[in-house]
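*Asks:* I am sharing query-v3.tsv, which consists of TSV, C-alpha atoms:
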```
chain	number	residue	atom	x	y	z
A	1	MET	CA	125.28	87.64	117.91
A	2	LYS	CA	122.60	86.25	115.68
A	3	GLY	CA	123.72	84.89	112.32
A	4	CYS	CA	122.92	86.20	108.86
A	5	ASN	CA	120.34	84.65	106.55
A	6	VAL	CA	121.29	83.03	103.29
A	7	MET	CA	117.81	82.19	101.94
A	8	ARG	CA	116.38	84.47	99.28
A	9	TRP	CA	112.78	84.50	98.12
A	10	PRO	CA	112.19	83.78	94.44
A	11	LEU	CA	112.98	86.49	91.91
A	12	ALA	CA	109.42	86.53	90.60
A	13	VAL	CA	108.10	87.18	94.09
A	14	GLY	CA	110.69	89.93	94.59
A	15	LEU	CA	109.77	91.63	91.33
A	16	ALA	CA	106.07	91.47	92.12
A	17	PHE	CA	106.76	92.97	95.53
A	18	ALA	CA	108.79	95.81	94.01
A	19	VAL	CA	106.03	96.68	91.59
A	20	THR	CA	103.47	97.01	94.41
A	21	LEU	CA	105.39	99.82	96.12
A	22	ALA	CA	104.46	103.25	94.85
A	23	HIS	CA	107.31	105.24	96.37
A	24	ALA	CA	111.08	105.08	96.52
A	25	ALA	CA	113.54	106.76	98.85
A	26	ASN	CA	117.25	107.45	98.97
A	27	VAL	CA	118.26	105.49	102.07
A	28	ALA	CA	121.45	105.62	104.15
A	29	VAL	CA	121.98	102.27	105.90
A	30	PHE	CA	123.94	102.13	109.15
A	31	SER	CA	124.26	98.45	110.12
A	32	ASP	CA	127.58	96.70	110.41
A	33	GLU	CA	126.05	93.23	110.72
A	34	GLN	CA	123.26	93.13	108.15
A	35	SER	CA	124.01	95.85	105.64
A	36	SER	CA	123.93	93.47	102.67
A	37	GLU	CA	120.54	91.99	103.64
A	38	VAL	CA	119.04	95.42	104.31
A	39	SER	CA	120.45	96.82	101.08
A	40	ALA	CA	119.14	93.93	98.99
A	41	SER	CA	115.68	94.16	100.54
A	42	LEU	CA	115.39	97.93	100.09
A	43	THR	CA	116.77	97.82	96.56
A	44	THR	CA	114.25	95.14	95.61
A	45	SER	CA	111.45	97.38	96.86
A	46	GLY	CA	112.65	100.19	94.58
A	47	ASN	CA	114.81	102.32	96.87
A	48	THR	CA	118.31	103.66	96.33
A	49	VAL	CA	120.64	102.45	99.09
A	50	THR	CA	124.03	103.61	100.38
A	51	VAL	CA	125.78	101.88	103.29
A	52	VAL	CA	127.27	104.58	105.53
A	53	THR	CA	129.77	104.65	108.38
A	54	GLU	CA	129.65	106.76	111.53
A	55	PRO	CA	132.06	109.40	110.12
A	56	GLN	CA	129.90	109.67	107.02
A	57	ILE	CA	126.83	110.26	109.18
A	58	ALA	CA	128.72	112.92	111.15
A	59	ALA	CA	129.58	114.66	107.88
A	60	GLY	CA	125.88	115.14	107.13
A	61	LEU	CA	122.89	113.30	105.72
A	62	SER	CA	121.38	115.93	103.43
A	63	ALA	CA	121.80	113.65	100.40
A	64	TYR	CA	119.31	111.12	101.81
A	65	ASN	CA	115.61	110.86	102.60
A	66	VAL	CA	115.87	108.20	105.32
A	67	LEU	CA	118.50	106.88	107.73
A	68	TYR	CA	118.09	103.21	108.66
A	69	MET	CA	119.78	102.18	111.93
A	70	GLY	CA	119.83	98.42	112.43
A	71	HIS	CA	122.00	95.76	114.07
A	72	ASN	CA	125.17	97.59	115.05
A	73	SER	CA	128.19	97.11	117.26
A	74	ALA	CA	130.00	100.31	116.24
A	75	GLY	CA	127.74	102.95	117.73
A	76	LEU	CA	127.45	106.68	117.21
A	77	THR	CA	129.39	109.70	118.45
A	78	PRO	CA	128.15	113.13	119.60
A	79	ALA	CA	129.01	114.48	116.13
A	80	SER	CA	126.90	111.88	114.33
A	81	CYS	CA	124.07	112.34	116.84
A	82	SER	CA	124.10	116.07	116.11
A	83	ALA	CA	123.96	115.33	112.37
A	84	ILE	CA	121.00	112.97	112.85
A	85	ALA	CA	119.12	115.54	114.90
A	86	SER	CA	119.65	118.18	112.22
A	87	PHE	CA	118.64	115.71	109.50
A	88	VAL	CA	115.33	114.76	111.14
A	89	ASN	CA	114.41	118.29	112.17
A	90	ALA	CA	114.94	119.37	108.55
A	91	GLY	CA	112.53	116.70	107.27
A	92	GLY	CA	114.57	113.49	107.07
A	93	GLY	CA	113.23	110.17	108.30
A	94	VAL	CA	114.74	107.58	110.65
A	95	VAL	CA	113.90	103.87	110.88
A	96	THR	CA	115.31	101.60	113.58
A	97	GLU	CA	115.56	97.84	113.97
A	98	TRP	CA	116.56	96.05	117.18
A	99	ASN	CA	119.47	97.84	118.91
A	100	GLY	CA	119.17	100.82	116.57
A	101	VAL	CA	116.43	101.99	118.94
A	102	TYR	CA	119.07	102.51	121.65
A	103	ASN	CA	120.31	105.66	119.93
A	104	LEU	CA	116.96	107.46	120.02
A	105	PHE	CA	116.35	107.85	123.74
A	106	THR	CA	117.88	109.44	126.80
A	107	SER	CA	118.39	106.62	129.32
A	108	ASP	CA	119.34	102.98	129.79
A	109	GLY	CA	116.57	100.73	131.08
A	110	ALA	CA	116.88	97.54	133.09
A	111	ASN	CA	118.95	94.59	131.87
A	112	GLN	CA	120.02	96.23	128.65
A	113	TYR	CA	121.46	93.58	126.35
A	114	LEU	CA	123.45	95.58	123.80
A	115	GLY	CA	123.64	99.34	123.68
A	116	VAL	CA	126.68	100.85	121.99
A	117	GLY	CA	127.93	104.33	121.30
A	118	THR	CA	126.33	107.60	122.28
A	119	LYS	CA	122.64	107.86	123.07
A	120	CYS	CA	121.48	110.67	120.80
A	121	ALA	CA	118.67	111.61	123.21
A	122	LEU	CA	116.32	112.75	120.48
A	123	PHE	CA	113.43	111.71	122.73
A	124	ALA	CA	112.87	111.23	126.46
A	125	GLY	CA	112.63	107.60	127.50
A	126	SER	CA	114.55	104.49	128.52
A	127	VAL	CA	115.66	101.48	126.49
A	128	GLY	CA	116.26	98.20	128.33
A	129	GLN	CA	116.26	94.43	127.76
A	130	GLY	CA	116.95	93.45	124.11
A	131	ASN	CA	117.53	89.75	124.70
A	132	ILE	CA	115.39	86.85	123.54
A	133	VAL	CA	111.68	86.78	124.37
A	134	GLY	CA	110.95	83.74	122.26
A	135	SER	CA	111.09	82.69	118.62
A	136	ASN	CA	108.00	83.69	116.62
A	137	THR	CA	106.77	86.08	119.32
A	138	PRO	CA	103.51	87.63	118.07
A	139	VAL	CA	103.60	91.32	117.22
A	140	THR	CA	100.05	92.62	117.56
A	141	ILE	CA	99.17	95.41	115.14
A	142	THR	CA	97.19	97.94	117.16
A	143	ASN	CA	96.76	100.45	114.34
A	144	PRO	CA	95.98	98.37	111.24
A	145	GLY	CA	95.23	101.55	109.30
A	146	SER	CA	98.84	102.74	109.56
A	147	PRO	CA	100.75	102.68	106.24
A	148	VAL	CA	103.52	100.90	108.16
A	149	PHE	CA	101.36	97.76	108.09
A	150	ALA	CA	99.95	97.96	104.57
A	151	GLY	CA	99.72	94.43	103.19
A	152	LEU	CA	100.39	92.83	106.58
A	153	THR	CA	98.04	91.05	108.97
A	154	SER	CA	97.98	90.80	112.76
A	155	PRO	CA	99.60	89.20	114.59
A	156	LEU	CA	102.84	89.54	112.70
A	157	GLN	CA	105.02	86.53	113.51
A	158	LEU	CA	108.44	86.32	111.87
A	159	GLY	CA	110.01	83.26	113.47
A	160	GLY	CA	113.62	84.23	114.21
A	161	GLY	CA	112.76	87.78	113.16
A	162	SER	CA	110.41	88.38	116.08
A	163	GLU	CA	112.58	86.89	118.77
A	164	PHE	CA	114.83	89.55	120.39
A	165	PHE	CA	113.03	92.64	121.74
A	166	TYR	CA	114.01	95.85	123.49
A	167	LEU	CA	111.75	97.42	126.08
A	168	VAL	CA	111.03	101.15	125.71
A	169	THR	CA	109.59	102.82	128.80
A	170	GLY	CA	109.09	106.35	130.08
A	171	TYR	CA	108.37	107.73	126.60
A	172	ASP	CA	106.08	110.71	126.05
A	173	THR	CA	102.68	109.38	124.99
A	174	ALA	CA	101.85	112.80	123.53
A	175	VAL	CA	104.81	112.42	121.14
A	176	TRP	CA	104.85	108.71	120.33
A	177	SER	CA	102.12	106.59	118.74
A	178	VAL	CA	102.45	102.89	119.56
A	179	ILE	CA	101.14	101.08	116.49
A	180	ALA	CA	102.16	97.51	117.41
A	181	THR	CA	102.85	95.71	120.69
A	182	TYR	CA	104.33	92.51	122.10
A	183	ASP	CA	104.17	90.66	125.42
A	184	GLY	CA	107.42	89.93	127.23
A	185	TRP	CA	109.50	90.50	130.36
A	186	ALA	CA	106.38	89.59	132.42
A	187	LEU	CA	104.65	92.63	130.88
A	188	THR	CA	101.93	92.99	128.27
A	189	ASP	CA	101.41	95.45	125.44
A	190	ASN	CA	105.01	96.64	125.23
A	191	PRO	CA	105.76	98.90	122.26
A	192	ALA	CA	107.01	96.89	119.27
A	193	VAL	CA	106.67	99.59	116.60
A	194	MET	CA	106.34	103.29	117.44
A	195	THR	CA	106.12	106.43	115.33
A	196	ALA	CA	106.83	110.06	116.16
A	197	SER	CA	107.51	113.39	114.53
A	198	LEU	CA	110.54	115.52	115.28
A	199	GLY	CA	110.65	118.93	113.64
A	200	ALA	CA	109.70	118.31	110.02
A	201	GLY	CA	110.82	114.68	110.07
A	202	LYS	CA	109.40	111.29	111.01
A	203	VAL	CA	110.80	108.44	113.10
A	204	VAL	CA	109.69	104.80	113.00
A	205	ALA	CA	111.14	102.81	115.88
A	206	GLY	CA	111.12	99.03	115.50
A	207	VAL	CA	112.42	97.45	118.71
A	208	PHE	CA	112.81	93.85	117.46
A	209	ASP	CA	115.02	91.86	115.11
A	210	PHE	CA	112.94	91.72	111.91
A	211	GLY	CA	116.22	92.31	110.06
A	212	ASP	CA	117.16	88.69	110.69
A	213	LEU	CA	114.50	87.56	108.19
A	214	LEU	CA	115.11	90.07	105.40
A	215	GLY	CA	115.38	88.24	102.12
A	216	SER	CA	113.77	85.05	103.41
A	217	ASP	CA	110.37	86.26	104.64
A	218	PRO	CA	108.29	88.57	102.42
A	219	ASN	CA	106.51	89.96	105.50
A	220	ALA	CA	109.81	91.19	106.95
A	221	ASP	CA	110.70	92.81	103.63
A	222	ARG	CA	107.25	94.37	103.36
A	223	LEU	CA	107.51	95.75	106.90
A	224	LEU	CA	110.88	97.36	106.18
A	225	ALA	CA	109.72	98.86	102.89
A	226	ASN	CA	106.61	100.26	104.56
A	227	MET	CA	108.63	101.73	107.43
A	228	VAL	CA	110.99	103.46	105.03
A	229	GLY	CA	108.14	104.76	102.91
A	230	PHE	CA	106.41	106.18	105.98
A	231	ALA	CA	109.60	107.77	107.30
A	232	ALA	CA	110.22	109.31	103.89
A	233	GLY	CA	106.80	110.93	104.02
A	234	ALA	CA	105.31	108.82	101.25
A	235	VAL	CA	101.57	109.13	100.81
A	236	ALA	CA	99.57	106.37	99.17
A	237	PRO	CA	98.54	107.34	95.65
A	238	PRO	CA	94.85	108.04	95.06
A	239	PRO	CA	92.78	105.23	93.57
A	240	PRO	CA	92.28	105.34	89.81
A	241	PRO	CA	89.07	106.99	88.62
A	242	PRO	CA	86.16	104.65	87.92
A	243	LEU	CA	85.76	103.44	84.38
A	244	ALA	CA	83.41	105.59	82.34
A	245	ALA	CA	80.13	103.95	81.42
A	246	ALA	CA	80.09	102.67	77.88
A	247	MET	CA	78.15	105.01	75.59
A	248	PRO	CA	75.68	103.27	73.29
A	249	VAL	CA	76.44	103.55	69.62
A	250	PRO	CA	73.48	105.17	67.84
A	251	THR	CA	71.88	103.08	65.16
A	252	MET	CA	71.45	104.31	61.67
```
Represent the structure of the file as C-alpha cells.

*Replies:*
Amino acid sequence: MKGCNVMRWPLAVGLAFAVTLAHAANVAVFSDEQSSEVSASLTTSGNTVTVVTEPQIAAGLSAYNVLYMGHNSAGLTPASCSAIASFVNAGGGVVTEWNGVYNLFTSDGANQYLGVGTKCALFAGSVGQGNIVGSNTPVTITNPGSPVFAGLTSPLQLGGGSEFFYLVTGYDTAVWSVIATYDGWALTDNPAVMTASLGAGKVVAGVFDFGDLLGSDPNADRLLANMVGFAAGAVAPPPPPPLAAAMPVPTM
C-alpha cells in the first residue's frame, strides 16, 4: 500500500489557509492508514476531528456533521452501514477518498483493486479498478462553480495524490452530479469527484488518492476542506456591503 507523507507545509501557509475557510464541521474520520494526515489537515482548516472505528460508527454518528471515509483495510459491517444510512438521511454528510468510495455502491466492477468490508449500497452503481493510472493524472474540473473547487484551478494535478483511481459505472445520472473527471482504463471522462443528496444529507465521492498528499500539497488540503464544508451543508458567506461614500464636511 502507498506510504504516508512526512512533509508538512509551512505553519504560516497553514494558518493563512485556516483563516480563509468560513465554516467548520465536527468530522468523524474513518481511515486506518492516513488518520493522522487527515486529522491534521482538517484541524488546520478549522474543523473538529475525531478518529472513529467501525464499532463506533455502528453505535451512531449523531454527534458529527460529516463522516470521512478514506484509505481503509478494515471495512464496514451491516451495522455500521445501517448507521451511516441513518446519519445521511437525517442530514449528515459523507466524504470519500480512494477506496472509501467502495462502501457507497451496490456492486463490484471490473478488476477491483481493494474493496473491503460490506458494501453499504446507499446508491446503485459499480466500483471497479482502483489501481494506478499514472502519477500526476489530470483531474479536470467540469463544474468550476461548485464550492468543492473554490480556490482550485483545472486541471487539478496532485502528483502522487492523483495516481490511483477507482472507476464508478452504472450510477444514476439523475442522482449524481459529476463535477470532475479523469481519463484512464482506456476510457475518457470518468467520474473523479461526484456529489449527491440522500434524504437530508449530502455525499461527496472522491475516487482517487488525494489523501496521499495531505500536509504536503496545499491543493490537496484545500480540496479536502472544501469537500467537508460542502458535505456539512456550508454556504459561502455573503460579500461585505460596499463602503459608504464619504460625506463631505460642510464648511463654516

*Asks:* Which polymer residues, protein or nucleic acid, are no farther than 10 Å from (110.2, 105.0, 124.0), counting all atoms listed in the file, as an mmCIF file with C-alpha atoms, in the frame of the given file?

*Replies:*
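Done, and the output landed in part_31.cif:
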```cif
data_model
loop_
_atom_site.group_PDB
_atom_site.id
_atom_site.type_symbol
_atom_site.label_atom_id
_atom_site.label_comp_id
_atom_site.auth_asym_id
_atom_site.auth_seq_id
_atom_site.Cartn_x
_atom_site.Cartn_y
_atom_site.Cartn_z
ATOM 1 C CA VAL A 101 116.430 101.990 118.940
ATOM 2 C CA TYR A 102 119.070 102.510 121.650
ATOM 3 C CA LEU A 104 116.960 107.460 120.020
ATOM 4 C CA PHE A 105 116.350 107.850 123.740
ATOM 5 C CA THR A 106 117.880 109.440 126.800
ATOM 6 C CA SER A 107 118.390 106.620 129.320
ATOM 7 C CA PHE A 123 113.430 111.710 122.730
ATOM 8 C CA ALA A 124 112.870 111.230 126.460
ATOM 9 C CA GLY A 125 112.630 107.600 127.500
ATOM 10 C CA SER A 126 114.550 104.490 128.520
ATOM 11 C CA VAL A 127 115.660 101.480 126.490
ATOM 12 C CA TYR A 166 114.010 95.850 123.490
ATOM 13 C CA LEU A 167 111.750 97.420 126.080
ATOM 14 C CA VAL A 168 111.030 101.150 125.710
ATOM 15 C CA THR A 169 109.590 102.820 128.800
ATOM 16 C CA GLY A 170 109.090 106.350 130.080
ATOM 17 C CA TYR A 171 108.370 107.730 126.600
ATOM 18 C CA ASP A 172 106.080 110.710 126.050
ATOM 19 C CA THR A 173 102.680 109.380 124.990
ATOM 20 C CA VAL A 175 104.810 112.420 121.140
ATOM 21 C CA TRP A 176 104.850 108.710 120.330
ATOM 22 C CA SER A 177 102.120 106.590 118.740
ATOM 23 C CA VAL A 178 102.450 102.890 119.560
ATOM 24 C CA ASN A 190 105.010 96.640 125.230
ATOM 25 C CA PRO A 191 105.760 98.900 122.260
ATOM 26 C CA ALA A 192 107.010 96.890 119.270
ATOM 27 C CA VAL A 193 106.670 99.590 116.600
ATOM 28 C CA MET A 194 106.340 103.290 117.440
ATOM 29 C CA THR A 195 106.120 106.430 115.330
ATOM 30 C CA ALA A 196 106.830 110.060 116.160
ATOM 31 C CA ALA A 205 111.140 102.810 115.880
ATOM 32 C CA VAL A 207 112.420 97.450 118.710
#
```

*Asks:* When distances are computed from only C-alpha atoms, which of A:Gly229, A:Val88, A:Gln34, A:Leu42 shows the smallest separation from Gly60 (chain A)?

*Replies:*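 Ranking A:Gly229, A:Val88, A:Gln34, A:Leu42 by distance to Gly60 (chain A), first place goes to A:Val88.
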
*Asks:* May I ask for the distance between CA of Gly75 (chain A) and CA of Thr137 (chain A), given in Å to one decimal place?

*Replies:* 27.0 Å

*Asks:* Interatomic distance between CA of Ser41 (chain A) and CA of Leu224 (chain A)?

*Replies:*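 CA of Leu224 (chain A) lies 8.1 Å from CA of Ser41 (chain A).
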
*Asks:* May I have the residues within 8 Å of Pro138 (chain A) as an NGL selection string, using all atoms listed in the file and disregarding those fewer than 6 positions away in the same chain?

*Replies:* :A and (155-157 or 162 or 182-183)

*Asks:* Just give me the gap between CA of Gly130 (chain A) and CA of Tyr113 (chain A) in Å, one decimal is fine.

*Replies:*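 According to the coordinates, CA of Gly130 (chain A) and CA of Tyr113 (chain A) are separated by 5.0 Å.
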
*Asks:* For Ala110 (chain A), which of A:Gly161, A:Gly233, A:Gly92, A:Gly128 is the closest residue, counting all atoms listed in the file?

*Replies:*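 The closest residue to Ala110 (chain A) is A:Gly128.
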
*Asks:* Which polymer residues, whether protein, DNA or RNA, lie within 9 Å of the coordinate (111.6, 106.2, 111.6) when you count only C-alpha atoms? List them as a PyMOL selection string, using the chain letters and numbers from the file.

*Replies:* chain A and resi 66-68+93-96+194-197+201-206+227-228+230-232

*Asks:* What would region 36-47 of chain A look like with all heavy atoms restored, written as a compact mmCIF listing (two decimals), keeping the file's coordinate frame?

*Replies:*
```
# COMPACT_ATOMS: atom_id res chain seq x y z
N SER A 36 124.20 94.06 103.97
CA SER A 36 123.93 93.47 102.67
C SER A 36 122.48 93.03 102.57
O SER A 36 121.82 93.22 101.53
CB SER A 36 124.86 92.29 102.39
OG SER A 36 124.73 91.28 103.38
N GLU A 37 121.94 92.43 103.65
CA GLU A 37 120.54 91.99 103.64
C GLU A 37 119.59 93.18 103.55
O GLU A 37 118.60 93.17 102.80
CB GLU A 37 120.22 91.16 104.89
CG GLU A 37 120.85 89.79 104.93
CD GLU A 37 122.28 89.79 105.41
OE1 GLU A 37 122.81 90.87 105.75
OE2 GLU A 37 122.89 88.72 105.46
N VAL A 38 119.88 94.23 104.33
CA VAL A 38 119.04 95.42 104.31
C VAL A 38 119.09 96.07 102.93
O VAL A 38 118.06 96.46 102.36
CB VAL A 38 119.49 96.42 105.39
CG1 VAL A 38 118.70 97.72 105.29
CG2 VAL A 38 119.33 95.81 106.78
N SER A 39 120.29 96.19 102.39
CA SER A 39 120.45 96.82 101.08
C SER A 39 119.71 96.06 100.00
O SER A 39 119.03 96.66 99.15
CB SER A 39 121.94 96.91 100.73
OG SER A 39 122.63 97.71 101.66
N ALA A 40 119.82 94.73 100.01
CA ALA A 40 119.14 93.93 98.99
C ALA A 40 117.63 94.08 99.10
O ALA A 40 116.93 94.23 98.09
CB ALA A 40 119.55 92.46 99.12
N SER A 41 117.12 94.04 100.33
CA SER A 41 115.68 94.16 100.54
C SER A 41 115.17 95.52 100.06
O SER A 41 114.16 95.60 99.34
CB SER A 41 115.35 93.96 102.01
OG SER A 41 113.98 94.13 102.26
N LEU A 42 115.84 96.59 100.45
CA LEU A 42 115.39 97.93 100.09
C LEU A 42 115.55 98.20 98.59
O LEU A 42 114.74 98.91 97.99
CB LEU A 42 116.14 98.97 100.90
CG LEU A 42 115.74 99.06 102.38
CD1 LEU A 42 116.65 100.04 103.12
CD2 LEU A 42 114.28 99.47 102.53
N THR A 43 116.59 97.65 98.00
CA THR A 43 116.77 97.82 96.56
C THR A 43 115.67 97.10 95.80
O THR A 43 115.12 97.62 94.82
CB THR A 43 118.15 97.30 96.13
OG1 THR A 43 119.17 98.04 96.82
CG2 THR A 43 118.35 97.47 94.63
N THR A 44 115.32 95.90 96.24
CA THR A 44 114.25 95.14 95.61
C THR A 44 112.93 95.90 95.65
O THR A 44 112.13 95.84 94.71
CB THR A 44 114.07 93.77 96.28
OG1 THR A 44 115.28 93.02 96.11
CG2 THR A 44 112.92 92.98 95.68
N SER A 45 112.70 96.63 96.73
CA SER A 45 111.45 97.38 96.86
C SER A 45 111.53 98.76 96.20
O SER A 45 110.65 99.60 96.41
CB SER A 45 111.04 97.50 98.32
OG SER A 45 112.03 98.12 99.11
N GLY A 46 112.60 99.01 95.43
CA GLY A 46 112.65 100.19 94.58
C GLY A 46 113.40 101.38 95.13
O GLY A 46 113.38 102.45 94.53
N ASN A 47 114.07 101.21 96.26
CA ASN A 47 114.81 102.32 96.87
C ASN A 47 116.25 102.36 96.38
O ASN A 47 116.79 101.37 95.88
CB ASN A 47 114.79 102.17 98.40
CG ASN A 47 113.39 102.20 98.96
OD1 ASN A 47 112.76 103.23 99.06
ND2 ASN A 47 112.88 101.02 99.32
```
